[in-house]
Amino acid sequence: MLKPLGDTAHEIMEKLRDGVGGVFHCPVETEAGFSDLTQAYNPERRQYLSSKLLAALGKAERQGRVVGVADVDLYVPRLNFVFGEADVLSGAGIVSLYRLRQEYYGLAPDEALFLERATKEIIHELGHTFGLGHCPNNRCVMHFSNSLADTDLKDAHFCSKCRPKIIL
Ligand SMILES: [Zn+2]
Ligand SMILES: [Zn+2]
């Protein structure tokens, strides 16, 4: 299940739902998340604390796994930013769309590329909720993305070693 956090656009959520469902070969639902992110906002960093939102998502009542999709910049204390984060115990993950757009880097918008990146990040965090760690195969969706170049290089799919570990 995908949940928009804050004011993530409805049409983006629908496209991501279709993208993620296509990889997992199962229906993905979107459901209202929470719109008020101020509890996680750090005015000094002008970013949102990822772990706080993830904990709130993990506690919310639901069936199955959930990934929150936030259109704000996320961080954890020792890093400048994070693309996403997941918690295997609660079966919850969170991704940030903020740094996935070409515009963020002063480039021309590319909607298809943006959606592809976001889909990969969501699938990656879902993989973590299934207990998967990072994969050494740089084409596998579970490969760690240090930068967007890594994200763009990898596929939206699990490699043959990771795939059997996903049990729906
Ligand atoms: Zn990861
Ligand atoms: Zn893999």
# chains A, B, ... in the order shown; residues from 1 in each chain; ligands from 1
>>> residues_near_ligand(ligand="ligand 1", cutoff="12 Å", atoms="only C-alpha atoms and all ligand atoms", output="PyMOL selection string")
chain A and resi 82-88+93-95+120-136+140-146+150-151
>>> residues_around(residues="A:Glu29", least_positions_apart="3", cutoff="8 Å", atoms="only C-alpha atoms", output="list in words")
Met1, Leu2 and Arg17 of chain A
>>> write_last_selection(atoms="C-alpha atoms", output="CSV table (one decimal), in the first residue's frame")
chain,number,residue,atom,x,y,z
A,1,MET,CA,0.0,0.0,0.0
A,2,LEU,CA,1.2,3.5,-0.8
A,17,ARG,CA,0.8,2.7,-7.8
>>> residues_around(residues="A:Leu148", least_positions_apart="3", cutoff="9 Å", atoms="only C-alpha atoms", output="PDB file with N, CA, C and O atoms, in the first residue's frame")
ATOM      1  N   ARG A  99      14.397  14.900  -4.382  1.00  0.00           N
ATOM      2  CA  ARG A  99      15.649  14.964  -5.156  1.00  0.00           C
ATOM      3  C   ARG A  99      15.629  14.065  -6.380  1.00  0.00           C
ATOM      4  O   ARG A  99      16.670  13.755  -6.941  1.00  0.00           O
ATOM      5  N   LEU A 100      14.433  13.633  -6.788  1.00  0.00           N
ATOM      6  CA  LEU A 100      14.345  12.707  -7.919  1.00  0.00           C
ATOM      7  C   LEU A 100      14.020  13.402  -9.232  1.00  0.00           C
ATOM      8  O   LEU A 100      14.052  12.793 -10.289  1.00  0.00           O
ATOM      9  N   ARG A 117      12.445   6.739 -11.418  1.00  0.00           N
ATOM     10  CA  ARG A 117      13.269   6.812 -10.210  1.00  0.00           C
ATOM     11  C   ARG A 117      12.427   6.570  -8.963  1.00  0.00           C
ATOM     12  O   ARG A 117      12.842   5.840  -8.055  1.00  0.00           O
ATOM     13  N   SER A 145      21.761   3.043  -3.600  1.00  0.00           N
ATOM     14  CA  SER A 145      21.948   4.245  -4.413  1.00  0.00           C
ATOM     15  C   SER A 145      22.628   5.333  -3.605  1.00  0.00           C
ATOM     16  O   SER A 145      22.018   5.937  -2.731  1.00  0.00           O
ATOM     17  N   THR A 151      20.831   5.049  -9.113  1.00  0.00           N
ATOM     18  CA  THR A 151      19.400   4.756  -9.283  1.00  0.00           C
ATOM     19  C   THR A 151      19.071   4.567 -10.761  1.00  0.00           C
ATOM     20  O   THR A 151      18.343   3.656 -11.138  1.00  0.00           O
ATOM     21  N   ASP A 152      19.640   5.440 -11.598  1.00  0.00           N
ATOM     22  CA  ASP A 152      19.335   5.366 -13.023  1.00  0.00           C
ATOM     23  C   ASP A 152      19.937   4.125 -13.677  1.00  0.00           C
ATOM     24  O   ASP A 152      19.395   3.612 -14.653  1.00  0.00           O
ATOM     25  N   LEU A 153      21.033   3.646 -13.130  1.00  0.00           N
ATOM     26  CA  LEU A 153      21.692   2.472 -13.709  1.00  0.00           C
ATOM     27  C   LEU A 153      20.923   1.189 -13.394  1.00  0.00           C
ATOM     28  O   LEU A 153      20.854   0.267 -14.196  1.00  0.00           O
TER      29      LEU A 153
END
>>> residues_around(residues="A:Ser35", least_positions_apart="3", cutoff="9 Å", atoms="only C-alpha atoms", output="ChimeraX atom specification")
/A:4-8,32
>>> residues_around(residues="A:Ala56", least_positions_apart="2", cutoff="12 Å", atoms="only C-alpha atoms", output="JSON, numbers by chain")
{"A": [5, 33, 34, 36, 37, 39, 40, 49, 50, 51, 52, 53, 54, 58, 59, 60, 61, 66, 67, 68, 87, 90, 92, 93, 94]}
>>> atom_distance(atom1="atom CA of A:Glu31", atom2="atom CA of A:Met13")
9.6 Å
>>> atom_distance(atom1="atom CA of A:Gly64", atom2="atom CA of A:Gly22")
17.6 Å
>>> atom_distance(atom1="atom CA of A:Tyr75", atom2="atom CA of A:Tyr105")
18.1 Å
>>> select_by_dssp(residues="stretch 23-105 of chain A", states="helix (DSSP H, G or I)", output="list in words")
Val23, Phe24, Thr38, Gln39, Ala40, Ser50, Ser51, Lys52, Leu53, Leu54, Ala55, Ala56, Leu57, Gly58, Lys59, Gln102, Glu103, Tyr104 and Tyr105 of chain A
>>> closest_residue(among="A:Cys159, A:Ile12, A:Ile166, A:Val69", to="ligand 2", atoms="only C-alpha atoms and all ligand atoms")
A:Cys159
>>> decode(residues="stretch 117-133 of chain A", atoms="all heavy atoms", output="PDB file, in the first residue's frame")
ATOM      1  N   ARG A 117      12.445   6.739 -11.418  1.00  0.00           N
ATOM      2  CA  ARG A 117      13.269   6.812 -10.210  1.00  0.00           C
ATOM      3  C   ARG A 117      12.427   6.570  -8.963  1.00  0.00           C
ATOM      4  O   ARG A 117      12.842   5.840  -8.055  1.00  0.00           O
ATOM      5  CB  ARG A 117      13.912   8.199 -10.116  1.00  0.00           C
ATOM      6  CG  ARG A 117      15.019   8.421 -11.126  1.00  0.00           C
ATOM      7  CD  ARG A 117      15.408   9.885 -11.169  1.00  0.00           C
ATOM      8  NE  ARG A 117      16.598  10.100 -11.993  1.00  0.00           N
ATOM      9  CZ  ARG A 117      17.017  11.298 -12.381  1.00  0.00           C
ATOM     10  NH1 ARG A 117      16.337  12.380 -12.032  1.00  0.00           N
ATOM     11  NH2 ARG A 117      18.104  11.400 -13.109  1.00  0.00           N
ATOM     12  N   ALA A 118      11.273   7.205  -8.899  1.00  0.00           N
ATOM     13  CA  ALA A 118      10.427   7.079  -7.713  1.00  0.00           C
ATOM     14  C   ALA A 118       9.951   5.632  -7.553  1.00  0.00           C
ATOM     15  O   ALA A 118       9.926   5.096  -6.441  1.00  0.00           O
ATOM     16  CB  ALA A 118       9.240   8.040  -7.818  1.00  0.00           C
ATOM     17  N   THR A 119       9.598   5.004  -8.667  1.00  0.00           N
ATOM     18  CA  THR A 119       9.157   3.603  -8.620  1.00  0.00           C
ATOM     19  C   THR A 119      10.277   2.721  -8.083  1.00  0.00           C
ATOM     20  O   THR A 119      10.059   1.872  -7.217  1.00  0.00           O
ATOM     21  CB  THR A 119       8.730   3.136 -10.033  1.00  0.00           C
ATOM     22  OG1 THR A 119       7.707   4.009 -10.507  1.00  0.00           O
ATOM     23  CG2 THR A 119       8.225   1.705 -10.020  1.00  0.00           C
ATOM     24  N   LYS A 120      11.494   2.932  -8.567  1.00  0.00           N
ATOM     25  CA  LYS A 120      12.641   2.147  -8.083  1.00  0.00           C
ATOM     26  C   LYS A 120      12.863   2.351  -6.584  1.00  0.00           C
ATOM     27  O   LYS A 120      13.144   1.397  -5.864  1.00  0.00           O
ATOM     28  CB  LYS A 120      13.912   2.547  -8.833  1.00  0.00           C
ATOM     29  CG  LYS A 120      13.962   2.067 -10.279  1.00  0.00           C
ATOM     30  CD  LYS A 120      15.182   2.643 -10.978  1.00  0.00           C
ATOM     31  CE  LYS A 120      15.208   2.289 -12.448  1.00  0.00           C
ATOM     32  NZ  LYS A 120      16.338   2.957 -13.150  1.00  0.00           N
ATOM     33  N   GLU A 121      12.767   3.593  -6.145  1.00  0.00           N
ATOM     34  CA  GLU A 121      12.999   3.859  -4.724  1.00  0.00           C
ATOM     35  C   GLU A 121      11.933   3.179  -3.856  1.00  0.00           C
ATOM     36  O   GLU A 121      12.234   2.642  -2.794  1.00  0.00           O
ATOM     37  CB  GLU A 121      13.021   5.372  -4.432  1.00  0.00           C
ATOM     38  CG  GLU A 121      14.181   6.132  -5.069  1.00  0.00           C
ATOM     39  CD  GLU A 121      15.568   5.614  -4.641  1.00  0.00           C
ATOM     40  OE1 GLU A 121      15.694   5.083  -3.524  1.00  0.00           O
ATOM     41  OE2 GLU A 121      16.504   5.734  -5.442  1.00  0.00           O
ATOM     42  N   ILE A 122      10.695   3.205  -4.321  1.00  0.00           N
ATOM     43  CA  ILE A 122       9.617   2.560  -3.555  1.00  0.00           C
ATOM     44  C   ILE A 122       9.845   1.047  -3.505  1.00  0.00           C
ATOM     45  O   ILE A 122       9.732   0.417  -2.443  1.00  0.00           O
ATOM     46  CB  ILE A 122       8.236   2.876  -4.176  1.00  0.00           C
ATOM     47  CG1 ILE A 122       7.917   4.360  -3.993  1.00  0.00           C
ATOM     48  CG2 ILE A 122       7.142   2.011  -3.542  1.00  0.00           C
ATOM     49  CD1 ILE A 122       6.711   4.829  -4.803  1.00  0.00           C
ATOM     50  N   ILE A 123      10.186   0.460  -4.637  1.00  0.00           N
ATOM     51  CA  ILE A 123      10.411  -0.989  -4.685  1.00  0.00           C
ATOM     52  C   ILE A 123      11.608  -1.364  -3.815  1.00  0.00           C
ATOM     53  O   ILE A 123      11.586  -2.367  -3.102  1.00  0.00           O
ATOM     54  CB  ILE A 123      10.582  -1.442  -6.146  1.00  0.00           C
ATOM     55  CG1 ILE A 123       9.241  -1.281  -6.862  1.00  0.00           C
ATOM     56  CG2 ILE A 123      11.064  -2.885  -6.231  1.00  0.00           C
ATOM     57  CD1 ILE A 123       9.335  -1.350  -8.353  1.00  0.00           C
ATOM     58  N   HIS A 124      12.628  -0.535  -3.836  1.00  0.00           N
ATOM     59  CA  HIS A 124      13.800  -0.760  -2.990  1.00  0.00           C
ATOM     60  C   HIS A 124      13.399  -0.800  -1.505  1.00  0.00           C
ATOM     61  O   HIS A 124      13.774  -1.727  -0.780  1.00  0.00           O
ATOM     62  CB  HIS A 124      14.815   0.364  -3.253  1.00  0.00           C
ATOM     63  CG  HIS A 124      16.075   0.258  -2.457  1.00  0.00           C
ATOM     64  ND1 HIS A 124      17.212  -0.327  -2.956  1.00  0.00           N
ATOM     65  CD2 HIS A 124      16.377   0.657  -1.194  1.00  0.00           C
ATOM     66  CE1 HIS A 124      18.168  -0.279  -2.021  1.00  0.00           C
ATOM     67  NE2 HIS A 124      17.677   0.312  -0.957  1.00  0.00           N
ATOM     68  N   GLU A 125      12.625   0.188  -1.084  1.00  0.00           N
ATOM     69  CA  GLU A 125      12.232   0.226   0.337  1.00  0.00           C
ATOM     70  C   GLU A 125      11.296  -0.935   0.668  1.00  0.00           C
ATOM     71  O   GLU A 125      11.367  -1.496   1.758  1.00  0.00           O
ATOM     72  CB  GLU A 125      11.600   1.574   0.712  1.00  0.00           C
ATOM     73  CG  GLU A 125      12.502   2.795   0.529  1.00  0.00           C
ATOM     74  CD  GLU A 125      13.885   2.682   1.181  1.00  0.00           C
ATOM     75  OE1 GLU A 125      14.051   1.890   2.137  1.00  0.00           O
ATOM     76  OE2 GLU A 125      14.814   3.371   0.722  1.00  0.00           O
ATOM     77  N   LEU A 126      10.431  -1.301  -0.263  1.00  0.00           N
ATOM     78  CA  LEU A 126       9.577  -2.477  -0.043  1.00  0.00           C
ATOM     79  C   LEU A 126      10.444  -3.719   0.120  1.00  0.00           C
ATOM     80  O   LEU A 126      10.176  -4.569   0.973  1.00  0.00           O
ATOM     81  CB  LEU A 126       8.600  -2.655  -1.206  1.00  0.00           C
ATOM     82  CG  LEU A 126       7.337  -1.797  -1.133  1.00  0.00           C
ATOM     83  CD1 LEU A 126       6.586  -1.854  -2.466  1.00  0.00           C
ATOM     84  CD2 LEU A 126       6.423  -2.252   0.002  1.00  0.00           C
ATOM     85  N   GLY A 127      11.496  -3.816  -0.685  1.00  0.00           N
ATOM     86  CA  GLY A 127      12.437  -4.936  -0.565  1.00  0.00           C
ATOM     87  C   GLY A 127      13.004  -5.029   0.847  1.00  0.00           C
ATOM     88  O   GLY A 127      13.081  -6.110   1.428  1.00  0.00           O
ATOM     89  N   HIS A 128      13.352  -3.879   1.423  1.00  0.00           N
ATOM     90  CA  HIS A 128      13.859  -3.871   2.805  1.00  0.00           C
ATOM     91  C   HIS A 128      12.794  -4.376   3.775  1.00  0.00           C
ATOM     92  O   HIS A 128      13.116  -5.054   4.742  1.00  0.00           O
ATOM     93  CB  HIS A 128      14.280  -2.458   3.215  1.00  0.00           C
ATOM     94  CG  HIS A 128      15.604  -2.027   2.675  1.00  0.00           C
ATOM     95  ND1 HIS A 128      16.711  -2.848   2.642  1.00  0.00           N
ATOM     96  CD2 HIS A 128      16.012  -0.841   2.138  1.00  0.00           C
ATOM     97  CE1 HIS A 128      17.746  -2.179   2.123  1.00  0.00           C
ATOM     98  NE2 HIS A 128      17.335  -0.968   1.788  1.00  0.00           N
ATOM     99  N   THR A 129      11.527  -4.032   3.530  1.00  0.00           N
ATOM    100  CA  THR A 129      10.476  -4.496   4.460  1.00  0.00           C
ATOM    101  C   THR A 129      10.310  -6.016   4.384  1.00  0.00           C
ATOM    102  O   THR A 129       9.766  -6.623   5.297  1.00  0.00           O
ATOM    103  CB  THR A 129       9.100  -3.832   4.223  1.00  0.00           C
ATOM    104  OG1 THR A 129       8.531  -4.320   2.998  1.00  0.00           O
ATOM    105  CG2 THR A 129       9.181  -2.321   4.188  1.00  0.00           C
ATOM    106  N   PHE A 130      10.790  -6.620   3.294  1.00  0.00           N
ATOM    107  CA  PHE A 130      10.788  -8.087   3.188  1.00  0.00           C
ATOM    108  C   PHE A 130      12.065  -8.679   3.789  1.00  0.00           C
ATOM    109  O   PHE A 130      12.328  -9.871   3.648  1.00  0.00           O
ATOM    110  CB  PHE A 130      10.672  -8.526   1.726  1.00  0.00           C
ATOM    111  CG  PHE A 130       9.289  -8.403   1.157  1.00  0.00           C
ATOM    112  CD1 PHE A 130       8.920  -7.288   0.426  1.00  0.00           C
ATOM    113  CD2 PHE A 130       8.357  -9.412   1.343  1.00  0.00           C
ATOM    114  CE1 PHE A 130       7.647  -7.170  -0.108  1.00  0.00           C
ATOM    115  CE2 PHE A 130       7.082  -9.300   0.808  1.00  0.00           C
ATOM    116  CZ  PHE A 130       6.718  -8.182   0.088  1.00  0.00           C
ATOM    117  N   GLY A 131      12.890  -7.834   4.386  1.00  0.00           N
ATOM    118  CA  GLY A 131      14.108  -8.314   5.021  1.00  0.00           C
ATOM    119  C   GLY A 131      15.318  -8.353   4.102  1.00  0.00           C
ATOM    120  O   GLY A 131      16.384  -8.825   4.501  1.00  0.00           O
ATOM    121  N   LEU A 132      15.184  -7.890   2.892  1.00  0.00           N
ATOM    122  CA  LEU A 132      16.322  -7.883   1.971  1.00  0.00           C
ATOM    123  C   LEU A 132      17.313  -6.787   2.355  1.00  0.00           C
ATOM    124  O   LEU A 132      16.916  -5.678   2.713  1.00  0.00           O
ATOM    125  CB  LEU A 132      15.844  -7.612   0.540  1.00  0.00           C
ATOM    126  CG  LEU A 132      15.165  -8.771  -0.192  1.00  0.00           C
ATOM    127  CD1 LEU A 132      14.653  -8.292  -1.540  1.00  0.00           C
ATOM    128  CD2 LEU A 132      16.119  -9.922  -0.390  1.00  0.00           C
ATOM    129  N   GLY A 133      18.586  -7.114   2.245  1.00  0.00           N
ATOM    130  CA  GLY A 133      19.637  -6.117   2.443  1.00  0.00           C
ATOM    131  C   GLY A 133      20.057  -5.554   1.105  1.00  0.00           C
ATOM    132  O   GLY A 133      19.393  -5.780   0.090  1.00  0.00           O
TER     133      GLY A 133
END
